[in-house]
$ cat upload24.cif   # mmCIF, C-alpha atoms, pLDDT in the B column; chains and numbers go by the auth columns
data_coords
#
loop_
_atom_site.group_PDB
_atom_site.id
_atom_site.type_symbol
_atom_site.label_atom_id
_atom_site.label_comp_id
_atom_site.label_asym_id
_atom_site.label_seq_id
_atom_site.Cartn_x
_atom_site.Cartn_y
_atom_site.Cartn_z
_atom_site.B_iso_or_equiv
_atom_site.auth_seq_id
_atom_site.auth_asym_id
ATOM 1 C CA MET A 1 -46.373 111.994 143.064 38.00 1 A
ATOM 2 C CA GLU A 2 -44.376 111.111 139.967 39.00 2 A
ATOM 3 C CA GLU A 3 -45.583 112.592 136.699 40.00 3 A
ATOM 4 C CA VAL A 4 -45.634 111.146 133.223 36.00 4 A
ATOM 5 C CA VAL A 5 -44.877 113.815 130.616 39.00 5 A
ATOM 6 C CA ARG A 6 -45.917 113.462 127.012 38.00 6 A
ATOM 7 C CA PRO A 7 -44.071 116.078 124.907 42.00 7 A
ATOM 8 C CA GLY A 8 -46.486 118.735 123.684 44.00 8 A
ATOM 9 C CA ARG A 9 -49.460 117.089 125.379 41.00 9 A
ATOM 10 C CA GLY A 10 -49.244 118.239 128.998 44.00 10 A
ATOM 11 C CA ARG A 11 -48.742 116.279 132.196 45.00 11 A
ATOM 12 C CA PHE A 12 -50.593 113.378 133.735 42.00 12 A
ATOM 13 C CA GLY A 13 -49.922 111.926 137.181 45.00 13 A
ATOM 14 C CA ILE A 14 -49.345 108.172 137.413 42.00 14 A
ATOM 15 C CA VAL A 15 -52.954 107.723 138.521 41.00 15 A
ATOM 16 C CA GLY A 16 -54.156 109.880 135.606 44.00 16 A
ATOM 17 C CA ALA A 17 -52.006 107.923 133.164 41.00 17 A
ATOM 18 C CA ALA A 18 -53.374 104.630 134.537 38.00 18 A
ATOM 19 C CA ALA A 19 -56.933 105.947 134.221 38.00 19 A
ATOM 20 C CA LEU A 20 -56.186 107.017 130.659 39.00 20 A
ATOM 21 C CA VAL A 21 -54.991 103.495 129.865 39.00 21 A
ATOM 22 C CA VAL A 22 -58.160 102.003 131.396 38.00 22 A
ATOM 23 C CA VAL A 23 -60.380 104.416 129.435 40.00 23 A
ATOM 24 C CA THR A 24 -58.433 103.646 126.260 38.00 24 A
ATOM 25 C CA ALA A 25 -58.809 99.909 126.757 40.00 25 A
ATOM 26 C CA ALA A 26 -62.526 100.168 127.533 47.00 26 A
ATOM 27 C CA CYS A 27 -63.661 102.776 125.016 56.00 27 A
ATOM 28 C CA GLY A 28 -61.229 102.820 122.118 54.00 28 A
ATOM 29 C CA PRO A 29 -58.881 105.719 121.421 65.00 29 A
ATOM 30 C CA PRO A 30 -58.914 108.499 124.020 85.00 30 A
ATOM 31 C CA SER A 31 -60.347 111.923 123.337 93.00 31 A
ATOM 32 C CA GLU A 32 -57.614 114.497 122.813 97.00 32 A
ATOM 33 C CA VAL A 33 -57.460 118.255 122.486 97.00 33 A
ATOM 34 C CA GLN A 34 -54.568 120.068 120.848 98.00 34 A
ATOM 35 C CA LEU A 35 -53.829 123.706 121.657 98.00 35 A
ATOM 36 C CA GLY A 36 -52.312 125.721 118.833 98.00 36 A
ATOM 37 C CA GLY A 37 -51.826 129.224 117.592 97.00 37 A
ATOM 38 C CA VAL A 38 -52.439 130.689 114.172 95.00 38 A
ATOM 39 C CA ALA A 39 -50.181 131.102 111.167 94.00 39 A
ATOM 40 C CA GLU A 40 -49.406 134.517 109.701 89.00 40 A
ATOM 41 C CA ASP A 41 -52.660 134.393 107.697 90.00 41 A
ATOM 42 C CA GLY A 42 -54.546 134.683 111.015 88.00 42 A
ATOM 43 C CA VAL A 43 -56.661 131.578 110.357 91.00 43 A
ATOM 44 C CA THR A 44 -54.573 128.445 109.763 95.00 44 A
ATOM 45 C CA PHE A 45 -53.701 126.233 112.763 96.00 45 A
ATOM 46 C CA ALA A 46 -50.009 126.473 113.716 96.00 46 A
ATOM 47 C CA PRO A 47 -47.935 125.459 116.738 96.00 47 A
ATOM 48 C CA LEU A 48 -48.318 127.784 119.726 97.00 48 A
ATOM 49 C CA GLU A 49 -44.646 128.352 120.471 96.00 49 A
ATOM 50 C CA GLY A 50 -41.897 130.942 120.330 96.00 50 A
ATOM 51 C CA ASP A 51 -42.734 134.601 119.830 96.00 51 A
ATOM 52 C CA GLN A 52 -46.428 135.364 119.464 96.00 52 A
ATOM 53 C CA PRO A 53 -47.768 138.803 118.575 95.00 53 A
ATOM 54 C CA LEU A 54 -50.047 140.626 120.978 96.00 54 A
ATOM 55 C CA VAL A 55 -52.996 141.520 118.738 95.00 55 A
ATOM 56 C CA PRO A 56 -55.104 144.623 119.461 94.00 56 A
ATOM 57 C CA GLY A 57 -58.675 143.772 120.404 90.00 57 A
ATOM 58 C CA SER A 58 -61.905 145.638 119.820 81.00 58 A
ATOM 59 C CA GLN A 59 -62.135 146.848 123.424 85.00 59 A
ATOM 60 C CA GLY A 60 -58.646 148.327 123.608 87.00 60 A
ATOM 61 C CA GLY A 61 -56.741 145.379 125.076 93.00 61 A
ATOM 62 C CA PHE A 62 -54.357 142.860 123.541 96.00 62 A
ATOM 63 C CA HIS A 63 -54.613 139.103 123.110 96.00 63 A
ATOM 64 C CA VAL A 64 -52.904 136.060 121.598 97.00 64 A
ATOM 65 C CA TRP A 65 -54.933 134.058 119.071 96.00 65 A
ATOM 66 C CA VAL A 66 -55.317 130.318 119.743 97.00 66 A
ATOM 67 C CA LYS A 67 -57.061 127.453 117.953 97.00 67 A
ATOM 68 C CA LEU A 68 -58.146 124.050 119.233 98.00 68 A
ATOM 69 C CA ARG A 69 -58.266 120.635 117.572 98.00 69 A
ATOM 70 C CA PHE A 70 -60.529 117.937 118.992 97.00 70 A
ATOM 71 C CA THR A 71 -59.962 114.242 118.260 97.00 71 A
ATOM 72 C CA GLY A 72 -62.259 111.484 119.506 94.00 72 A
ATOM 73 C CA PHE A 73 -65.025 113.817 120.740 94.00 73 A
ATOM 74 C CA GLU A 74 -68.683 113.409 119.886 92.00 74 A
ATOM 75 C CA PRO A 75 -70.164 116.405 118.070 95.00 75 A
ATOM 76 C CA GLY A 76 -72.009 118.742 120.426 94.00 76 A
ATOM 77 C CA LYS A 77 -71.333 121.294 123.120 95.00 77 A
ATOM 78 C CA HIS A 78 -68.257 120.728 125.270 96.00 78 A
ATOM 79 C CA THR A 79 -66.972 122.852 128.155 97.00 79 A
ATOM 80 C CA VAL A 80 -63.460 124.187 127.649 98.00 80 A
ATOM 81 C CA GLN A 81 -61.346 125.877 130.304 98.00 81 A
ATOM 82 C CA ARG A 82 -58.290 127.879 129.250 98.00 82 A
ATOM 83 C CA THR A 83 -55.634 129.378 131.486 97.00 83 A
ATOM 84 C CA ALA A 84 -52.406 131.276 130.958 97.00 84 A
ATOM 85 C CA ARG A 85 -49.661 131.709 133.554 97.00 85 A
ATOM 86 C CA ARG A 86 -46.349 133.505 133.442 97.00 86 A
ATOM 87 C CA THR A 87 -43.781 130.691 133.693 97.00 87 A
ATOM 88 C CA ARG A 88 -41.299 132.687 135.775 96.00 88 A
ATOM 89 C CA ASP A 89 -43.525 132.813 138.859 96.00 89 A
ATOM 90 C CA GLU A 90 -46.794 131.017 137.927 96.00 90 A
ATOM 91 C CA ARG A 91 -48.754 134.304 138.108 95.00 91 A
ATOM 92 C CA LEU A 92 -52.194 133.885 136.560 95.00 92 A
ATOM 93 C CA VAL A 93 -52.799 136.036 133.485 95.00 93 A
ATOM 94 C CA LEU A 94 -55.955 134.440 132.044 95.00 94 A
ATOM 95 C CA THR A 95 -58.682 132.053 133.087 96.00 95 A
ATOM 96 C CA THR A 96 -61.792 131.488 131.025 96.00 96 A
ATOM 97 C CA ARG A 97 -64.417 128.766 130.726 97.00 97 A
ATOM 98 C CA THR A 98 -66.736 128.524 127.754 95.00 98 A
ATOM 99 C CA GLY A 99 -68.844 126.122 125.764 95.00 99 A
ATOM 100 C CA ILE A 100 -67.637 125.122 122.314 95.00 100 A
ATOM 101 C CA ALA A 101 -69.911 123.428 119.804 96.00 101 A
ATOM 102 C CA VAL A 102 -67.700 120.692 118.368 96.00 102 A
ATOM 103 C CA GLY A 103 -68.723 119.806 114.836 96.00 103 A
ATOM 104 C CA GLU A 104 -68.482 116.649 112.761 96.00 104 A
ATOM 105 C CA PRO A 105 -64.910 115.365 112.540 95.00 105 A
ATOM 106 C CA ASP A 106 -63.052 115.135 109.257 95.00 106 A
ATOM 107 C CA ALA A 107 -61.794 111.861 107.743 93.00 107 A
ATOM 108 C CA SER A 108 -58.933 111.740 110.272 92.00 108 A
ATOM 109 C CA GLY A 109 -61.398 112.012 113.195 93.00 109 A
ATOM 110 C CA THR A 110 -60.418 115.609 114.006 96.00 110 A
ATOM 111 C CA TRP A 111 -62.490 118.777 114.284 97.00 111 A
ATOM 112 C CA GLU A 112 -60.845 122.215 114.559 97.00 112 A
ATOM 113 C CA THR A 113 -62.269 125.520 115.757 97.00 113 A
ATOM 114 C CA PRO A 114 -63.012 127.384 112.519 95.00 114 A
ATOM 115 C CA ASP A 115 -62.117 130.767 113.998 95.00 115 A
ATOM 116 C CA PRO A 116 -59.276 131.581 116.366 96.00 116 A
ATOM 117 C CA LEU A 117 -60.132 132.282 119.998 96.00 117 A
ATOM 118 C CA PRO A 118 -58.697 135.355 121.734 95.00 118 A
ATOM 119 C CA SER A 119 -56.610 134.704 124.842 96.00 119 A
ATOM 120 C CA PHE A 120 -56.839 138.045 126.606 95.00 120 A
ATOM 121 C CA MET A 121 -53.410 139.085 127.898 96.00 121 A
ATOM 122 C CA CYS A 122 -53.699 142.766 128.777 93.00 122 A
ATOM 123 C CA PRO A 123 -54.280 145.169 130.278 92.00 123 A
ATOM 124 C CA ALA A 124 -52.339 142.792 132.459 77.00 124 A
ATOM 125 C CA PRO A 125 -53.166 142.307 136.129 79.00 125 A
ATOM 126 C CA ILE A 126 -51.358 144.867 138.279 80.00 126 A
ATOM 127 C CA GLY A 127 -47.711 143.898 138.626 84.00 127 A
ATOM 128 C CA VAL A 128 -47.859 141.155 135.972 90.00 128 A
ATOM 129 C CA SER A 129 -46.011 142.076 132.794 94.00 129 A
ATOM 130 C CA VAL A 130 -46.640 139.751 129.871 96.00 130 A
ATOM 131 C CA ILE A 131 -44.362 141.459 127.345 96.00 131 A
ATOM 132 C CA ASP A 132 -41.506 139.196 126.274 96.00 132 A
ATOM 133 C CA GLU A 133 -42.298 136.824 129.158 97.00 133 A
ATOM 134 C CA PRO A 134 -42.810 133.104 128.494 98.00 134 A
ATOM 135 C CA ILE A 135 -46.461 132.284 129.169 98.00 135 A
ATOM 136 C CA ARG A 136 -47.796 128.749 129.653 98.00 136 A
ATOM 137 C CA PHE A 137 -51.149 128.388 127.900 98.00 137 A
ATOM 138 C CA GLU A 138 -53.283 125.415 128.923 98.00 138 A
ATOM 139 C CA VAL A 139 -56.607 124.011 127.801 98.00 139 A
ATOM 140 C CA GLU A 140 -58.817 121.397 129.447 98.00 140 A
ATOM 141 C CA VAL A 141 -61.995 119.855 128.103 97.00 141 A
ATOM 142 C CA LEU A 142 -64.329 119.113 131.008 95.00 142 A
ATOM 143 C CA ASP A 143 -67.010 116.458 131.365 92.00 143 A
ATOM 144 C CA GLU A 144 -70.462 117.131 132.835 88.00 144 A
ATOM 145 C CA ALA A 145 -69.061 116.720 136.368 90.00 145 A
ATOM 146 C CA GLY A 146 -66.346 119.323 135.702 91.00 146 A
ATOM 147 C CA GLN A 147 -63.513 116.772 135.491 92.00 147 A
ATOM 148 C CA ALA A 148 -60.838 117.124 132.812 94.00 148 A
ATOM 149 C CA VAL A 149 -61.130 114.512 130.072 95.00 149 A
ATOM 150 C CA ALA A 150 -58.471 116.020 127.802 97.00 150 A
ATOM 151 C CA HIS A 151 -55.668 118.490 128.364 98.00 151 A
ATOM 152 C CA ASP A 152 -52.907 120.207 126.403 98.00 152 A
ATOM 153 C CA GLY A 153 -50.473 123.014 126.975 98.00 153 A
ATOM 154 C CA ALA A 154 -47.867 125.117 125.234 98.00 154 A
ATOM 155 C CA VAL A 155 -45.410 127.864 126.110 98.00 155 A
ATOM 156 C CA ALA A 156 -45.168 130.996 123.974 98.00 156 A
ATOM 157 C CA THR A 157 -43.762 134.485 124.465 98.00 157 A
ATOM 158 C CA PRO A 158 -46.087 137.422 123.671 97.00 158 A
ATOM 159 C CA HIS A 159 -44.549 140.583 122.258 96.00 159 A
ATOM 160 C CA CYS A 160 -45.974 143.970 121.368 96.00 160 A
ATOM 161 C CA PRO A 161 -46.712 144.793 117.738 93.00 161 A
ATOM 162 C CA GLU A 162 -44.616 147.279 115.840 92.00 162 A
ATOM 163 C CA GLY A 163 -46.009 150.553 114.553 91.00 163 A
ATOM 164 C CA GLU A 164 -48.729 152.740 115.975 91.00 164 A
ATOM 165 C CA GLN A 165 -49.884 150.209 118.623 92.00 165 A
ATOM 166 C CA ALA A 166 -46.393 149.592 120.087 95.00 166 A
ATOM 167 C CA GLN A 167 -46.349 152.372 122.685 95.00 167 A
ATOM 168 C CA PHE A 168 -49.909 151.680 123.888 94.00 168 A
ATOM 169 C CA CYS A 169 -49.142 147.962 124.139 95.00 169 A
ATOM 170 C CA GLN A 170 -45.998 148.664 126.185 94.00 170 A
ATOM 171 C CA GLN A 171 -48.047 150.876 128.494 93.00 171 A
ATOM 172 C CA ILE A 172 -50.938 148.503 129.260 93.00 172 A
ATOM 173 C CA CYS A 173 -49.157 145.144 129.010 94.00 173 A
ATOM 174 C CA SER A 174 -46.260 145.850 131.356 90.00 174 A
ATOM 175 C CA GLY A 175 -48.265 145.293 134.531 80.00 175 A
#

$ encode --input "upload24.cif" --output "structure tokens"
Amino acid sequence: MEEVVRPGRGRFGIVGAAALVVVTAACGPPSEVQLGGVAEDGVTFAPLEGDQPLVPGSQGGFHVWVKLRFTGFEPGKHTVQRTARRTRDERLVLTTRTGIAVGEPDASGTWETPDPLPSFMCPAPIGVSVIDEPIRFEVEVLDEAGQAVAHDGAVATPHCPEGEQAQFCQQICSG
């Protein structure tokens, strides 16, 4: 099946693109989710791309911070599924599903997660190094039937921090 690719917004099959057009025509602008990272301040939304630091977590592992922006969603609880795969061989690194309470949108119609969400990277699954490996992060917002109503993805390359955590990171994140 041929795919339609929208830069920075993921992939939709022809059928999915046609359905998106029908939904857009019937209900106004489509709901969208945007997957991002955080700026150096650790809070501000930034593109999730290039080198991303592996941040030590409270339970001894390492993660990459991500943020989400929702446009066209009604306020309330929405189910969000996030995955991360190593691009070289599609090995799964992360899969998580959670509810997010989307708040009132701003004047532009967008609501953003106030705090970054941790994308747990390591200890990596056995045999799956994440250090300096491009990882494809994806997010889907699911409807009540579990079908994706919005999707986004980005590729970033996690790297170990410098300093006292570097050796431990190398040890547990190399698979």

$ resolve_selection --input "upload24.cif" --expression "the PyMOL selection byres ((chain A and resi 59-74) around 8)" --output "JSON list (two decimals) with C-alpha atoms, in the coordinates of the input"
[["chain", "number", "residue", "atom", "x", "y", "z"],
["A", 29, "PRO", "CA", -58.88, 105.72, 121.42],
["A", 30, "PRO", "CA", -58.91, 108.50, 124.02],
["A", 31, "SER", "CA", -60.35, 111.92, 123.34],
["A", 32, "GLU", "CA", -57.61, 114.50, 122.81],
["A", 33, "VAL", "CA", -57.46, 118.26, 122.49],
["A", 34, "GLN", "CA", -54.57, 120.07, 120.85],
["A", 35, "LEU", "CA", -53.83, 123.71, 121.66],
["A", 36, "GLY", "CA", -52.31, 125.72, 118.83],
["A", 37, "GLY", "CA", -51.83, 129.22, 117.59],
["A", 38, "VAL", "CA", -52.44, 130.69, 114.17],
["A", 45, "PHE", "CA", -53.70, 126.23, 112.76],
["A", 48, "LEU", "CA", -48.32, 127.78, 119.73],
["A", 52, "GLN", "CA", -46.43, 135.36, 119.46],
["A", 53, "PRO", "CA", -47.77, 138.80, 118.58],
["A", 54, "LEU", "CA", -50.05, 140.63, 120.98],
["A", 55, "VAL", "CA", -53.00, 141.52, 118.74],
["A", 56, "PRO", "CA", -55.10, 144.62, 119.46],
["A", 57, "GLY", "CA", -58.68, 143.77, 120.40],
["A", 58, "SER", "CA", -61.90, 145.64, 119.82],
["A", 75, "PRO", "CA", -70.16, 116.40, 118.07],
["A", 76, "GLY", "CA", -72.01, 118.74, 120.43],
["A", 102, "VAL", "CA", -67.70, 120.69, 118.37],
["A", 104, "GLU", "CA", -68.48, 116.65, 112.76],
["A", 105, "PRO", "CA", -64.91, 115.36, 112.54],
["A", 109, "GLY", "CA", -61.40, 112.01, 113.20],
["A", 110, "THR", "CA", -60.42, 115.61, 114.01],
["A", 111, "TRP", "CA", -62.49, 118.78, 114.28],
["A", 112, "GLU", "CA", -60.84, 122.22, 114.56],
["A", 113, "THR", "CA", -62.27, 125.52, 115.76],
["A", 115, "ASP", "CA", -62.12, 130.77, 114.00],
["A", 116, "PRO", "CA", -59.28, 131.58, 116.37],
["A", 117, "LEU", "CA", -60.13, 132.28, 120.00],
["A", 118, "PRO", "CA", -58.70, 135.35, 121.73],
["A", 119, "SER", "CA", -56.61, 134.70, 124.84],
["A", 120, "PHE", "CA", -56.84, 138.04, 126.61],
["A", 121, "MET", "CA", -53.41, 139.08, 127.90],
["A", 122, "CYS", "CA", -53.70, 142.77, 128.78],
["A", 123, "PRO", "CA", -54.28, 145.17, 130.28],
["A", 158, "PRO", "CA", -46.09, 137.42, 123.67],
["A", 169, "CYS", "CA", -49.14, 147.96, 124.14],
["A", 172, "ILE", "CA", -50.94, 148.50, 129.26],
["A", 173, "CYS", "CA", -49.16, 145.14, 129.01]]

$ atom_distance --input "upload24.cif" --atom1 "atom CA of Ile126 of chain A" --atom2 "atom CA of Gly99 of chain A"
28.5 Å

$ closest_residue --input "upload24.cif" --among "A:Gln147, A:Thr98, A:Gln167, A:Thr157" --to "Pro134 of chain A" --atoms "only C-alpha atoms"
A:Thr157

$ closest_residue --input "upload24.cif" --among "A:Arg97, A:Lys77, A:Arg91, A:Arg86" --to "Phe137 of chain A" --atoms "only C-alpha atoms"
A:Arg86

$ resolve_selection --input "upload24.cif" --expression "the PyMOL selection byres ((chain A and resi 87) around 8)" --output "ChimeraX atom specification"
/A:85-86,88-91,133-136

$ atom_distance --input "upload24.cif" --atom1 "atom CA of Val80 of chain A" --atom2 "atom CA of Leu142 of chain A"
6.1 Å

$ axis_aligned_box --input "upload24.cif" --around "segment 83-91 of chain A" --padding-each-side "5 Å" --output "AutoDock Vina command-line options"
--center_x -48.5 --center_y 131.8 --center_z 134.9 --size_x 24.3 --size_y 14.9 --size_z 17.9

$ resolve_selection --input "upload24.cif" --expression "the PyMOL selection byres ((chain A and resi 140) around 8)" --output "PDB file with C-alpha atoms, keeping the file's coordinate frame"
ATOM      1  CA  VAL A  33     -57.460 118.255 122.486  1.00 97.00           C
ATOM      2  CA  VAL A  80     -63.460 124.187 127.649  1.00 98.00           C
ATOM      3  CA  GLN A  81     -61.346 125.877 130.304  1.00 98.00           C
ATOM      4  CA  ARG A  82     -58.290 127.879 129.250  1.00 98.00           C
ATOM      5  CA  GLU A 138     -53.283 125.415 128.923  1.00 98.00           C
ATOM      6  CA  VAL A 139     -56.607 124.011 127.801  1.00 98.00           C
ATOM      7  CA  VAL A 141     -61.995 119.855 128.103  1.00 97.00           C
ATOM      8  CA  LEU A 142     -64.329 119.113 131.008  1.00 95.00           C
ATOM      9  CA  ALA A 148     -60.838 117.124 132.812  1.00 94.00           C
ATOM     10  CA  VAL A 149     -61.130 114.512 130.072  1.00 95.00           C
ATOM     11  CA  ALA A 150     -58.471 116.020 127.802  1.00 97.00           C
ATOM     12  CA  HIS A 151     -55.668 118.490 128.364  1.00 98.00           C
ATOM     13  CA  ASP A 152     -52.907 120.207 126.403  1.00 98.00           C
TER      14      ASP A 152
END

$ atom_distance --input "upload24.cif" --atom1 "atom CA of Glu49 of chain A" --atom2 "atom CA of Val155 of chain A"
5.7 Å

$ closest_residue --input "upload24.cif" --among "A:Ala39, A:Ile100, A:Ala166, A:Leu94" --to "Ile131 of chain A" --atoms "only C-alpha atoms"
A:Ala166

$ decode --input "upload24.cif" --residues "segment 78-104 of chain A" --atoms "N, CA and C atoms" --output "mmCIF file, in the first residue's frame"
data_model
loop_
_atom_site.group_PDB
_atom_site.id
_atom_site.type_symbol
_atom_site.label_atom_id
_atom_site.label_comp_id
_atom_site.auth_asym_id
_atom_site.auth_seq_id
_atom_site.Cartn_x
_atom_site.Cartn_y
_atom_site.Cartn_z
ATOM 1 N N HIS A 78 -7.558 11.603 27.711
ATOM 2 C CA HIS A 78 -7.314 10.958 26.425
ATOM 3 C C HIS A 78 -6.236 9.894 26.620
ATOM 4 N N THR A 79 -6.378 8.771 25.917
ATOM 5 C CA THR A 79 -5.397 7.697 26.003
ATOM 6 C C THR A 79 -4.286 7.952 25.003
ATOM 7 N N VAL A 80 -3.053 7.877 25.491
ATOM 8 C CA VAL A 80 -1.875 8.135 24.670
ATOM 9 C C VAL A 80 -0.969 6.911 24.731
ATOM 10 N N GLN A 81 -0.566 6.443 23.558
ATOM 11 C CA GLN A 81 0.388 5.337 23.476
ATOM 12 C C GLN A 81 1.679 5.871 22.879
ATOM 13 N N ARG A 82 2.797 5.586 23.566
ATOM 14 C CA ARG A 82 4.109 6.001 23.071
ATOM 15 C C ARG A 82 4.983 4.778 22.874
ATOM 16 N N THR A 83 5.744 4.787 21.789
ATOM 17 C CA THR A 83 6.702 3.723 21.523
ATOM 18 C C THR A 83 8.022 4.344 21.105
ATOM 19 N N ALA A 84 9.077 3.556 21.243
ATOM 20 C CA ALA A 84 10.398 3.954 20.760
ATOM 21 C C ALA A 84 11.063 2.700 20.203
ATOM 22 N N ARG A 85 11.601 2.828 18.997
ATOM 23 C CA ARG A 85 12.285 1.717 18.332
ATOM 24 C C ARG A 85 13.623 2.191 17.802
ATOM 25 N N ARG A 86 14.607 1.329 17.905
ATOM 26 C CA ARG A 86 15.911 1.606 17.308
ATOM 27 C C ARG A 86 15.739 1.538 15.798
ATOM 28 N N THR A 87 16.122 2.583 15.070
ATOM 29 C CA THR A 87 15.851 2.644 13.634
ATOM 30 C C THR A 87 16.638 1.607 12.842
ATOM 31 N N ARG A 88 17.803 1.245 13.322
ATOM 32 C CA ARG A 88 18.673 0.319 12.582
ATOM 33 C C ARG A 88 18.003 -1.028 12.319
ATOM 34 N N ASP A 89 17.251 -1.528 13.295
ATOM 35 C CA ASP A 89 16.670 -2.865 13.156
ATOM 36 C C ASP A 89 15.236 -2.968 13.682
ATOM 37 N N GLU A 90 14.617 -1.822 14.006
ATOM 38 C CA GLU A 90 13.235 -1.776 14.495
ATOM 39 C C GLU A 90 13.040 -2.467 15.853
ATOM 40 N N ARG A 91 14.108 -2.687 16.603
ATOM 41 C CA ARG A 91 13.989 -3.305 17.926
ATOM 42 C C ARG A 91 13.249 -2.363 18.868
ATOM 43 N N LEU A 92 12.257 -2.896 19.554
ATOM 44 C CA LEU A 92 11.447 -2.133 20.489
ATOM 45 C C LEU A 92 12.258 -1.795 21.737
ATOM 46 N N VAL A 93 12.242 -0.539 22.125
ATOM 47 C CA VAL A 93 12.920 -0.077 23.327
ATOM 48 C C VAL A 93 11.892 0.318 24.391
ATOM 49 N N LEU A 94 10.781 0.924 23.956
ATOM 50 C CA LEU A 94 9.778 1.433 24.889
ATOM 51 C C LEU A 94 8.389 1.254 24.311
ATOM 52 N N THR A 95 7.458 0.864 25.149
ATOM 53 C CA THR A 95 6.039 0.949 24.820
ATOM 54 C C THR A 95 5.304 1.276 26.115
ATOM 55 N N THR A 96 4.464 2.283 26.057
ATOM 56 C CA THR A 96 3.717 2.690 27.234
ATOM 57 C C THR A 96 2.384 3.292 26.798
ATOM 58 N N ARG A 97 1.365 3.036 27.578
ATOM 59 C CA ARG A 97 0.031 3.584 27.318
ATOM 60 C C ARG A 97 -0.451 4.218 28.619
ATOM 61 N N THR A 98 -0.930 5.441 28.513
ATOM 62 C CA THR A 98 -1.360 6.158 29.707
ATOM 63 C C THR A 98 -2.491 7.115 29.366
ATOM 64 N N GLY A 99 -3.193 7.549 30.382
ATOM 65 C CA GLY A 99 -4.199 8.581 30.209
ATOM 66 C C GLY A 99 -3.584 9.948 30.486
ATOM 67 N N ILE A 100 -3.933 10.914 29.659
ATOM 68 C CA ILE A 100 -3.466 12.283 29.870
ATOM 69 C C ILE A 100 -4.694 13.179 29.927
ATOM 70 N N ALA A 101 -4.759 13.989 30.966
ATOM 71 C CA ALA A 101 -5.870 14.928 31.121
ATOM 72 C C ALA A 101 -5.532 16.193 30.334
ATOM 73 N N VAL A 102 -6.101 16.307 29.150
ATOM 74 C CA VAL A 102 -5.880 17.470 28.296
ATOM 75 C C VAL A 102 -6.693 18.631 28.850
ATOM 76 N N GLY A 103 -6.023 19.761 29.016
ATOM 77 C CA GLY A 103 -6.678 20.941 29.568
ATOM 78 C C GLY A 103 -7.274 21.832 28.493
ATOM 79 N N GLU A 104 -7.722 22.996 28.918
ATOM 80 C CA GLU A 104 -8.303 23.984 28.010
ATOM 81 C C GLU A 104 -7.227 24.491 27.056
#
